[in-house]
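Chemist: Sharing a structure below in structure tokens format, with a few things to ask.
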Amino acid sequence: ETGPVHRPLALSPDARTAYVPSLDRALVALDISRGRELWRAELPERVASAPLVTTTDGLESVLISAGPTLSRVDEAGAVMWTAPIPVQSCGRPLVLGDTVVIGAGDGTARGYSLEQGAERWVAQLAPRATAYQRLLYGPWTTTVRPIGADAVLVGTVDTLHCLAVADGTTRWRTGASAMYTPPEILDDGTVLVVQERGQAALISPDDGTITPIG
């Protein structure tokens, strides 16, 4: 039993272990072939986000947010570090180089050190008047995507942002809803989005120029 699960699980690189985010305040590792629990990492809040598996210098670990806390958990289930996230995050982070990027509930995207969890930068993507509006229109449930070797895509309700992974500065932004359905990067680098209301579009990776499909 893992408890209720509202977000996608993640697989280890060898596809032998499934990492399951559970609303009973745990990240659960399951042995797929035997159908048994390997370990359970207890977390401070309900886990309503998607885990990300990353391998660095041969070390496999999982990044997961639980309410207002981002955690890095090692392959044995021990919490390596935690870092605060304003309000909450219910999306999925991304590791690019040695930086973890995640969307937060105060309208921001944030970059953290993969090694120790230290905050590196903050980018406000939903500069609205109230805290509720910043949550509603911000990237709190976005799936962060890489674009090239040094930038990431972070979606909000009405805008797709391309940010430099080094410092969070904006490379470009375009009017596309890409928070609930993550953008996909095509073979030529073009970004494909299917927006909240069903409109599909192609976006230039160079400057964010958007071209509707159909």
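To be explicit about the labels: the chains of the structure tokens are called A, B, and onward in the order shown, and within each one the residues are counted from 1, while ligands get numbers from 1 in the order they are shown.
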Can you tell me which residues surround Glu75 in chain A at a distance of at most 8 Å, considering only C-alpha atoms, apart from same-chain residues fewer than 3 positions away, and format the answer as a list in words?
Modeler: Leu59, Glu60, Ser61, Val62 and Ala78 of chain A
Chemist: Would you export the selected residues with N, CA and C atoms as a PDB file, in the first residue's frame, please?
Modeler:
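Saved as result04.pdb:
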```pdb
ATOM      1  N   LEU A  59      25.762   8.277  -8.662  1.00  0.00           N
ATOM      2  CA  LEU A  59      24.822   8.271  -7.543  1.00  0.00           C
ATOM      3  C   LEU A  59      23.417   8.565  -8.053  1.00  0.00           C
ATOM      4  N   GLU A  60      22.526   7.621  -7.828  1.00  0.00           N
ATOM      5  CA  GLU A  60      21.129   7.811  -8.189  1.00  0.00           C
ATOM      6  C   GLU A  60      20.388   8.443  -7.028  1.00  0.00           C
ATOM      7  N   SER A  61      19.589   9.448  -7.307  1.00  0.00           N
ATOM      8  CA  SER A  61      18.783  10.077  -6.272  1.00  0.00           C
ATOM      9  C   SER A  61      17.476  10.550  -6.881  1.00  0.00           C
ATOM     10  N   VAL A  62      16.545  10.912  -5.994  1.00  0.00           N
ATOM     11  CA  VAL A  62      15.219  11.336  -6.427  1.00  0.00           C
ATOM     12  C   VAL A  62      14.919  12.707  -5.833  1.00  0.00           C
ATOM     13  N   ALA A  78      17.262   7.548   2.130  1.00  0.00           N
ATOM     14  CA  ALA A  78      17.670   8.565   3.105  1.00  0.00           C
ATOM     15  C   ALA A  78      17.545   9.956   2.487  1.00  0.00           C
TER      16      ALA A  78
END
```
Chemist: From a DSSP pass on the backbone, collect the residues of chain A flagged as strand (DSSP E or B) and hand them back as a VMD selection string.
Modeler: chain A and resid 10 to 11 17 to 22 26 to 31 36 to 42 52 to 56 59 to 66 69 to 74 79 to 84 92 94 to 96 99 to 103 108 to 113 119 to 124 143 145 to 146 151 to 155 160 to 164 170 to 174 184 to 185 191 to 194 200 to 203 210 to 212
Chemist: Output C-alpha atoms for every residue in the selection just made, as a tab-separated table (two decimals), in the first residue's frame.
Modeler:
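Generated file (out-v8.tsv):
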```
chain	number	residue	atom	x	y	z
A	10	ALA	CA	9.19	7.72	-11.90
A	11	LEU	CA	11.39	4.77	-12.87
A	17	THR	CA	12.47	0.40	-9.26
A	18	ALA	CA	9.38	2.60	-9.30
A	19	TYR	CA	9.36	5.74	-7.17
A	20	VAL	CA	5.78	6.51	-6.16
A	21	PRO	CA	4.62	9.89	-4.74
A	22	SER	CA	2.02	9.24	-2.06
A	26	ALA	CA	5.90	9.51	1.66
A	27	LEU	CA	7.99	8.68	-1.38
A	28	VAL	CA	7.77	4.91	-1.79
A	29	ALA	CA	10.29	2.79	-3.72
A	30	LEU	CA	8.80	-0.39	-5.19
A	31	ASP	CA	10.64	-3.42	-6.61
A	36	ARG	CA	7.27	-5.32	-2.91
A	37	GLU	CA	8.20	-2.17	-1.07
A	38	LEU	CA	11.95	-1.49	-0.87
A	39	TRP	CA	11.78	1.59	1.31
A	40	ARG	CA	9.63	4.52	2.30
A	41	ALA	CA	10.99	8.05	2.77
A	42	GLU	CA	8.79	9.96	5.18
A	52	LEU	CA	12.45	13.17	-10.82
A	53	VAL	CA	15.22	10.56	-10.88
A	54	THR	CA	18.71	11.86	-11.54
A	55	THR	CA	22.14	10.21	-11.66
A	56	THR	CA	25.27	12.22	-10.86
A	59	LEU	CA	24.82	8.27	-7.54
A	60	GLU	CA	21.13	7.81	-8.19
A	61	SER	CA	18.78	10.08	-6.27
A	62	VAL	CA	15.22	11.34	-6.43
A	63	LEU	CA	14.00	14.93	-6.22
A	64	ILE	CA	10.51	15.39	-4.85
A	65	SER	CA	8.48	18.24	-3.39
A	66	ALA	CA	6.04	17.81	-0.52
A	69	THR	CA	9.61	21.51	0.91
A	70	LEU	CA	11.90	20.20	-1.82
A	71	SER	CA	13.84	17.05	-0.87
A	72	ARG	CA	16.62	15.04	-2.40
A	73	VAL	CA	16.40	11.36	-1.45
A	74	ASP	CA	19.18	8.84	-2.12
A	79	VAL	CA	16.90	12.27	2.77
A	80	MET	CA	20.11	13.99	1.63
A	81	TRP	CA	18.85	17.54	2.00
A	82	THR	CA	15.71	19.66	2.12
A	83	ALA	CA	15.06	23.19	0.88
A	84	PRO	CA	12.07	25.50	1.42
A	92	ARG	CA	8.06	18.18	-11.44
A	94	LEU	CA	14.39	19.42	-13.59
A	95	VAL	CA	18.11	18.96	-13.12
A	96	LEU	CA	20.29	20.68	-15.71
A	99	THR	CA	21.13	23.11	-10.82
A	100	VAL	CA	17.63	21.98	-9.80
A	101	VAL	CA	14.83	24.14	-11.23
A	102	ILE	CA	11.28	24.03	-9.89
A	103	GLY	CA	8.11	26.12	-10.00
A	108	THR	CA	8.31	32.12	-9.00
A	109	ALA	CA	10.66	29.64	-10.59
A	110	ARG	CA	13.65	28.81	-8.40
A	111	GLY	CA	17.10	27.35	-8.92
A	112	TYR	CA	18.85	25.25	-6.26
A	113	SER	CA	22.23	23.59	-5.96
A	119	GLU	CA	19.05	28.50	-3.34
A	120	ARG	CA	20.83	30.06	-6.33
A	121	TRP	CA	18.24	32.28	-7.92
A	122	VAL	CA	14.58	33.34	-7.96
A	123	ALA	CA	12.62	34.48	-11.04
A	124	GLN	CA	9.18	36.04	-10.57
A	143	THR	CA	6.79	20.29	-15.40
A	145	ARG	CA	11.69	21.08	-19.44
A	146	PRO	CA	15.25	21.58	-20.73
A	151	ALA	CA	18.15	26.93	-20.48
A	152	VAL	CA	14.82	25.66	-19.21
A	153	LEU	CA	11.17	26.08	-20.08
A	154	VAL	CA	8.78	26.95	-17.26
A	155	GLY	CA	5.06	27.23	-17.96
A	160	LEU	CA	5.81	29.96	-21.48
A	161	HIS	CA	9.12	31.29	-20.14
A	162	CYS	CA	12.62	30.38	-21.33
A	163	LEU	CA	15.07	30.97	-18.47
A	164	ALA	CA	18.86	30.74	-18.27
A	170	THR	CA	14.60	35.50	-19.07
A	171	ARG	CA	15.78	34.56	-22.56
A	172	TRP	CA	12.30	34.96	-24.00
A	173	ARG	CA	8.63	34.57	-23.11
A	174	THR	CA	5.61	33.90	-25.26
A	184	GLU	CA	7.71	18.86	-25.94
A	185	ILE	CA	10.98	19.52	-27.73
A	191	VAL	CA	8.91	23.55	-29.02
A	192	LEU	CA	5.48	21.93	-29.42
A	193	VAL	CA	2.70	23.03	-27.06
A	194	VAL	CA	-0.92	22.00	-26.76
A	200	ALA	CA	-1.62	23.55	-30.66
A	201	ALA	CA	1.35	25.70	-31.64
A	202	LEU	CA	5.04	25.54	-32.56
A	203	ILE	CA	7.47	27.88	-30.80
A	210	ILE	CA	4.80	31.26	-31.83
A	211	THR	CA	3.10	29.73	-34.89
A	212	PRO	CA	-0.39	28.20	-34.45
```
Chemist: Of the candidates A:Gly208, A:Gly175, A:Gly105, A:Gly77, which shows the shortest atom-to-atom distance to Ser89 in chain A, using only C-alpha atoms?
Modeler: A:Gly105
Chemist: Just the helix (DSSP H, G or I) stuff from chain A, please, per backbone DSSP, written as a VMD selection string.
Modeler: chain A and resid 131 to 137
